[in-house]
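**Q** Dumping the structure here so I can ask a few things about it.
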Amino acid sequence: MYYDYGKIEKKWQEIWDKEETFKASNSSDKPKFYALVEFPYPSGQGLHVGHPRPYTALDIISRKKRLEGYNVLFPMGWDAFGLPTENYAIKTGVHPAVVTRDNVAHFKKQLKMIGYSFDWSREINTTDPAYYKWTQWIFIQLFKHGLAYKKEFPINFCTSCKVGLANEEVVNGHCERCGGEVIRVVKNQWMLKITEYAQRLIDDLELVDYPDRVKSSQINWIGRSEGAQVDFQLKDTDEKLTVYTTRPDTIYGATYMVISPEHPYIEQYASRISNIDEVRSYCQESAKKSDFERTELVKDKTGVRLEGLDAVNPISGEVIPVFVSDYVLMTYGTGAIMAVPAHDQRDYEFAKKFGLEIREVISGGDISEAAYTDASGGTAVNSPLINGLKGKEAISKMIEIMEEKGIGTRKVNYKLRDWVFSRQRYWGEPIPMVKCDKCGWVPLPEDQLPLELPQVDNYMTTDTGESPLANMPEWYNTTCPVCGSHAVRETDTMPNWAGSSWYYLRYTDPHNDKALADPEALKYWLPVNWYNGGMEHTTLHLLYSRFWHKFLYDIGVVPTPEPYAKRTSHGMILGENNEKMSKSKGNVVNPDEVVTSYGADTLRTYEMFIGDFTQAAPWSENGVKGCKRFLDRVFKLPDMVKPGKGYSPALEKYIHQTIKKVTEDIDSMKFNTAVAALMKLLNLYTDQPSITDEDLRTFLILLNPTAPHITEEIWQTCGYPSQIAHTPWPKYDEAKCAEDMVEIPVQVNGKVRDKVTVAADADEETVKEAVHQSAAVARSVGSSSIVREIYVKGKIYNIVVK
RNA sequence: GCCGAAGUGGCGGAAUUGGCAGACGCACGGGACUUAAAAUCCCGCGAUUGUAAAAAAUCAUACCGGUUCGAGCCCGGUCUUCGGCACCA
């Protein structure tokens, strides 16, 4: 009989669909297990072989958990709002919803071909109004709790297409589509106060099982720093210039101050600044600079002194000049700094360029060379109130002094900024807010949700950079839900991250029209037990969804403080040439072709065997063939079966060892070695004259999560009861895994010279005796004298000679 | 610059976390089967020296040093590659 994978796979996929084999139940006596993979963006290109890697991994985990007696939720859906679809619509005029529908159909067909055990009855789509109704609902809750607010914020604007651009459409400071210059234009945008959750987003990482690299990149991104906020009096005014510093211990070295070009004091004190024209033109120049240019010229400090505006050092009383420079950011701290050139590299460079004093106040470095920035090493000098103190002690003391004098306070700052939530785009969730002439911003009442996207003629943003919805007065003119007078709808839409920030909640109860999900369902399924996704989502997506989840927890919608109990991430699959797969490089491999030429089970097996799951690995067609050969040999196994009870005595030990290995390896995502162990066991089987039914059955179950179609088919052909999908996972007996006889390597001075075979439980005396009978050992020892002998039970015997 | 991960045969990668380096697979070589090829099956496969063939020895986990009876694994330093962040005071 030949392995007709095409027919077999189709057959089993139909059975699974028909019998709803993998449907999860919201009430069950079994323990629950919620496995989640990142839902894809259904692009026009379809799947490439990178997609199946994480899906197959969690499919294996899910299938195994089911056999182990869990009620498993393993869902799939579509993160379907997004730029490529919108750009395609701009180009062709085809409505994004139509494009999305077609792409989803294509993706779904491709996924089905690979035989995943998704519960398709729970499929969701972020662009479905029944879904985004709840995305809008969450936004309204955020607004009601003061976590959504409007603020002036710059967007990218292409000066030649006159269109607002997403960050990813700006390439090296130029428009991705026309190459035109991109500048920043300030718009009034919705912001979400994620910063309010910054500390909890750090602290609660304690509660979850994420890889260290993921935790540390979250912590890094949030960027907590401790320091002080200090007031400097502006000379001859009543006002203070407040700065943030992590090094209040260096305040005696502050020889000037710098404010950011966007700082309000510039205009407020315009009349006092004698060179205001020069200052203004500097500010305008830096406003025009794109982020790219600003960071491009990192080392080249520019700036202008504010003539006529000086500050007073509150500790020393010294009068120091104030500069404006774009190396100070308005968006961090207070938008102003005290510059300590001796102990900050940026201030050092600025001071060198402008000929300002560089005054050492912490000893330990050589400030003629570079700033000495070590915060823990040096000792305070030239600092009358804290001279002689070091590091943390100096910092604490200085803060105490400042607090006593009422000129400063301890302060924690975060690099994390509030989340810019508005997009001047069509293909996103409409923001469910109206602006009433009398009442201000008012959220839509719940019974008016979802606020659906209207049909538009043109998907381009307007030439002032507004969303296409801003061209539709018949849509945006409305009445105020509170007072009934004239109001205008928000025409911006939500960013891509919105729908994906809570989708895992919807899977628990995807058809609910009364709530985002039934509280009972949430209570039953949350938290997600295991969430796998790409490293590229470990900052934004993971942080945003943790933020929303925490907010929903605070308002009593979800029952857990964290959404995902465990997070893992997979490595990329590269092209055969070891480069990232891309259309332009022509090294993209399409999973459909692999399925057609070799079968879904081969694709699955190969993707798991390709290498360490967390590392990138290059595709290899020959490697695929190797896995196909493995399955071909598996398919022939039934021919070897002869009647017999239980495991073959010659195989029993190895079967127990393999059950153990495969069980543990799947749990720790070492799929490559799990497959290797099964290949090894197969080699042992085929070395035998015959095998028993029990030998075969156990092998099939162990292989089933990885290669579900072929194993079910063989199972059925052999007439075994029911299906593997309803058969328990095999158990191993630790005692039966153990070897009776062990081969102990014998070393002389750390070099293996011989091996002795002894009973596994042999005592040291017995082993020693065997070792000393070895001719090879005797030869190596020669005439040297034995200094010491070390025996590690069951592992090694080492003789030290001199 | 900062943070993170990694560096092992011709290749993808193993190594129970300090105990036989190279599992498993690919590629390659030899053989069987075949009119022939493909497929399949069997054998070999880190390098050097050595041998008729064996045996055996030496060297090998990016590099240098250390700890240890023993290091791919631990410690100190250096180099390289990849990923993320980047004027955050």
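Going through the structure tokens in order, the chains are called A, B, and so on, while each chain numbers its residues from 1 and the ligands are numbered from 1 in the order shown.
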Using only C-alpha atoms (C1' of nucleotides), I'd like every residue of chain B that has an atom within 8 Å of chain A; please write them out as a ChimeraX atom specification.
**A** /B:3-4,12-14,19-20,23-26,69-70,84-85,87-89
**Q** Between CA of Val781 (chain A) and CA of Lys793 (chain A), what is the distance in Å, rounded to a tenth?
**A**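 About the pair CA of Val781 (chain A) and CA of Lys793 (chain A): they are 21.8 Å apart.
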**Q** Name the residues of region 259-358 of chain A that fall into alpha helix (DSSP H) according to DSSP on the backbone, using the chain letters and numbers of this document, as a ChimeraX atom specification.
**A** /A:265-268,276-288,291-296,345-354
**Q** Write the residues of the preceding selection, restricted to N, CA and C atoms, as a tab-separated table (two decimals), in the first residue's frame.
**A**
```tsv
chain	number	residue	atom	x	y	z
A	265	TYR	N	8.07	78.26	27.65
A	265	TYR	CA	8.73	79.47	28.16
A	265	TYR	C	9.29	80.34	27.05
A	266	ILE	N	9.61	79.72	25.91
A	266	ILE	CA	10.21	80.51	24.84
A	266	ILE	C	9.26	81.62	24.40
A	267	GLU	N	8.01	81.24	24.15
A	267	GLU	CA	7.05	82.27	23.75
A	267	GLU	C	6.63	83.13	24.93
A	268	GLN	N	6.52	82.50	26.09
A	268	GLN	CA	6.10	83.25	27.27
A	268	GLN	C	7.08	84.37	27.60
A	276	ILE	N	15.35	86.89	20.22
A	276	ILE	CA	14.20	86.01	20.01
A	276	ILE	C	14.05	85.54	18.57
A	277	ASP	N	14.44	86.40	17.60
A	277	ASP	CA	14.29	85.99	16.20
A	277	ASP	C	15.17	84.78	15.90
A	278	GLU	N	16.39	84.85	16.40
A	278	GLU	CA	17.31	83.74	16.19
A	278	GLU	C	16.78	82.47	16.85
A	279	VAL	N	16.26	82.65	18.07
A	279	VAL	CA	15.72	81.51	18.81
A	279	VAL	C	14.54	80.90	18.07
A	280	ARG	N	13.65	81.78	17.61
A	280	ARG	CA	12.48	81.28	16.89
A	280	ARG	C	12.87	80.53	15.63
A	281	SER	N	13.84	81.05	14.95
A	281	SER	CA	14.18	80.38	13.70
A	281	SER	C	14.84	79.03	13.99
A	282	TYR	N	15.56	78.97	15.11
A	282	TYR	CA	16.12	77.67	15.51
A	282	TYR	C	14.99	76.67	15.80
A	283	CYS	N	13.99	77.14	16.54
A	283	CYS	CA	12.88	76.26	16.90
A	283	CYS	C	12.13	75.78	15.66
A	284	GLN	N	11.96	76.69	14.71
A	284	GLN	CA	11.26	76.29	13.49
A	284	GLN	C	12.05	75.26	12.71
A	285	GLU	N	13.37	75.48	12.66
A	285	GLU	CA	14.22	74.52	11.96
A	285	GLU	C	14.07	73.13	12.56
A	286	SER	N	14.12	73.08	13.89
A	286	SER	CA	14.08	71.74	14.49
A	286	SER	C	12.69	71.13	14.41
A	287	ALA	N	11.67	71.97	14.32
A	287	ALA	CA	10.32	71.42	14.15
A	287	ALA	C	10.19	70.76	12.79
A	288	LYS	N	10.87	71.32	11.82
A	288	LYS	CA	10.79	70.77	10.48
A	288	LYS	C	11.54	69.44	10.36
A	291	ASP	N	11.99	62.99	12.72
A	291	ASP	CA	12.65	62.20	13.75
A	291	ASP	C	13.96	61.64	13.22
A	292	PHE	N	13.88	61.23	11.95
A	292	PHE	CA	15.06	60.63	11.33
A	292	PHE	C	16.24	61.59	11.39
A	293	GLU	N	16.01	62.82	10.94
A	293	GLU	CA	17.12	63.78	10.93
A	293	GLU	C	17.60	64.10	12.33
A	294	ARG	N	16.64	64.20	13.23
A	294	ARG	CA	17.03	64.55	14.59
A	294	ARG	C	17.94	63.50	15.21
A	295	THR	N	17.65	62.25	14.91
A	295	THR	CA	18.48	61.21	15.50
A	295	THR	C	19.71	60.92	14.64
A	296	GLU	N	19.60	61.24	13.37
A	296	GLU	CA	20.71	61.03	12.45
A	296	GLU	C	21.94	61.82	12.91
A	345	GLN	N	27.54	62.95	29.05
A	345	GLN	CA	28.26	63.01	27.80
A	345	GLN	C	27.64	64.00	26.81
A	346	ARG	N	26.31	64.09	26.77
A	346	ARG	CA	25.68	65.01	25.82
A	346	ARG	C	25.94	66.46	26.22
A	347	ASP	N	25.82	66.73	27.53
A	347	ASP	CA	26.10	68.07	28.02
A	347	ASP	C	27.57	68.43	27.76
A	348	TYR	N	28.41	67.41	27.90
A	348	TYR	CA	29.85	67.59	27.69
A	348	TYR	C	30.13	68.06	26.27
A	349	GLU	N	29.50	67.36	25.31
A	349	GLU	CA	29.71	67.73	23.91
A	349	GLU	C	29.18	69.14	23.62
A	350	PHE	N	28.03	69.44	24.19
A	350	PHE	CA	27.43	70.76	23.99
A	350	PHE	C	28.33	71.84	24.58
A	351	ALA	N	28.82	71.58	25.79
A	351	ALA	CA	29.67	72.56	26.47
A	351	ALA	C	30.96	72.79	25.70
A	352	LYS	N	31.53	71.72	25.18
A	352	LYS	CA	32.76	71.86	24.39
A	352	LYS	C	32.51	72.76	23.19
A	353	LYS	N	31.37	72.49	22.53
A	353	LYS	CA	31.08	73.24	21.32
A	353	LYS	C	30.83	74.73	21.62
A	354	PHE	N	30.17	75.00	22.73
A	354	PHE	CA	29.81	76.38	23.05
A	354	PHE	C	30.75	77.04	24.05
```
**Q** Rounded to one decimal in Å, what is the spacing between CA of Asp79 (chain A) and CA of Phe22 (chain A)?
**A**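 CA of Phe22 (chain A) lies at a distance of 22.2 Å from CA of Asp79 (chain A).
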**Q** So, with only C-alpha atoms as the atoms that count, which of A:Ser363, A:Gln424, A:Thr409, A:Ser325 lies closest to Gly164 (chain A)?
**A**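 Answer, going by the shortest atom-to-atom distance: A:Gln424.
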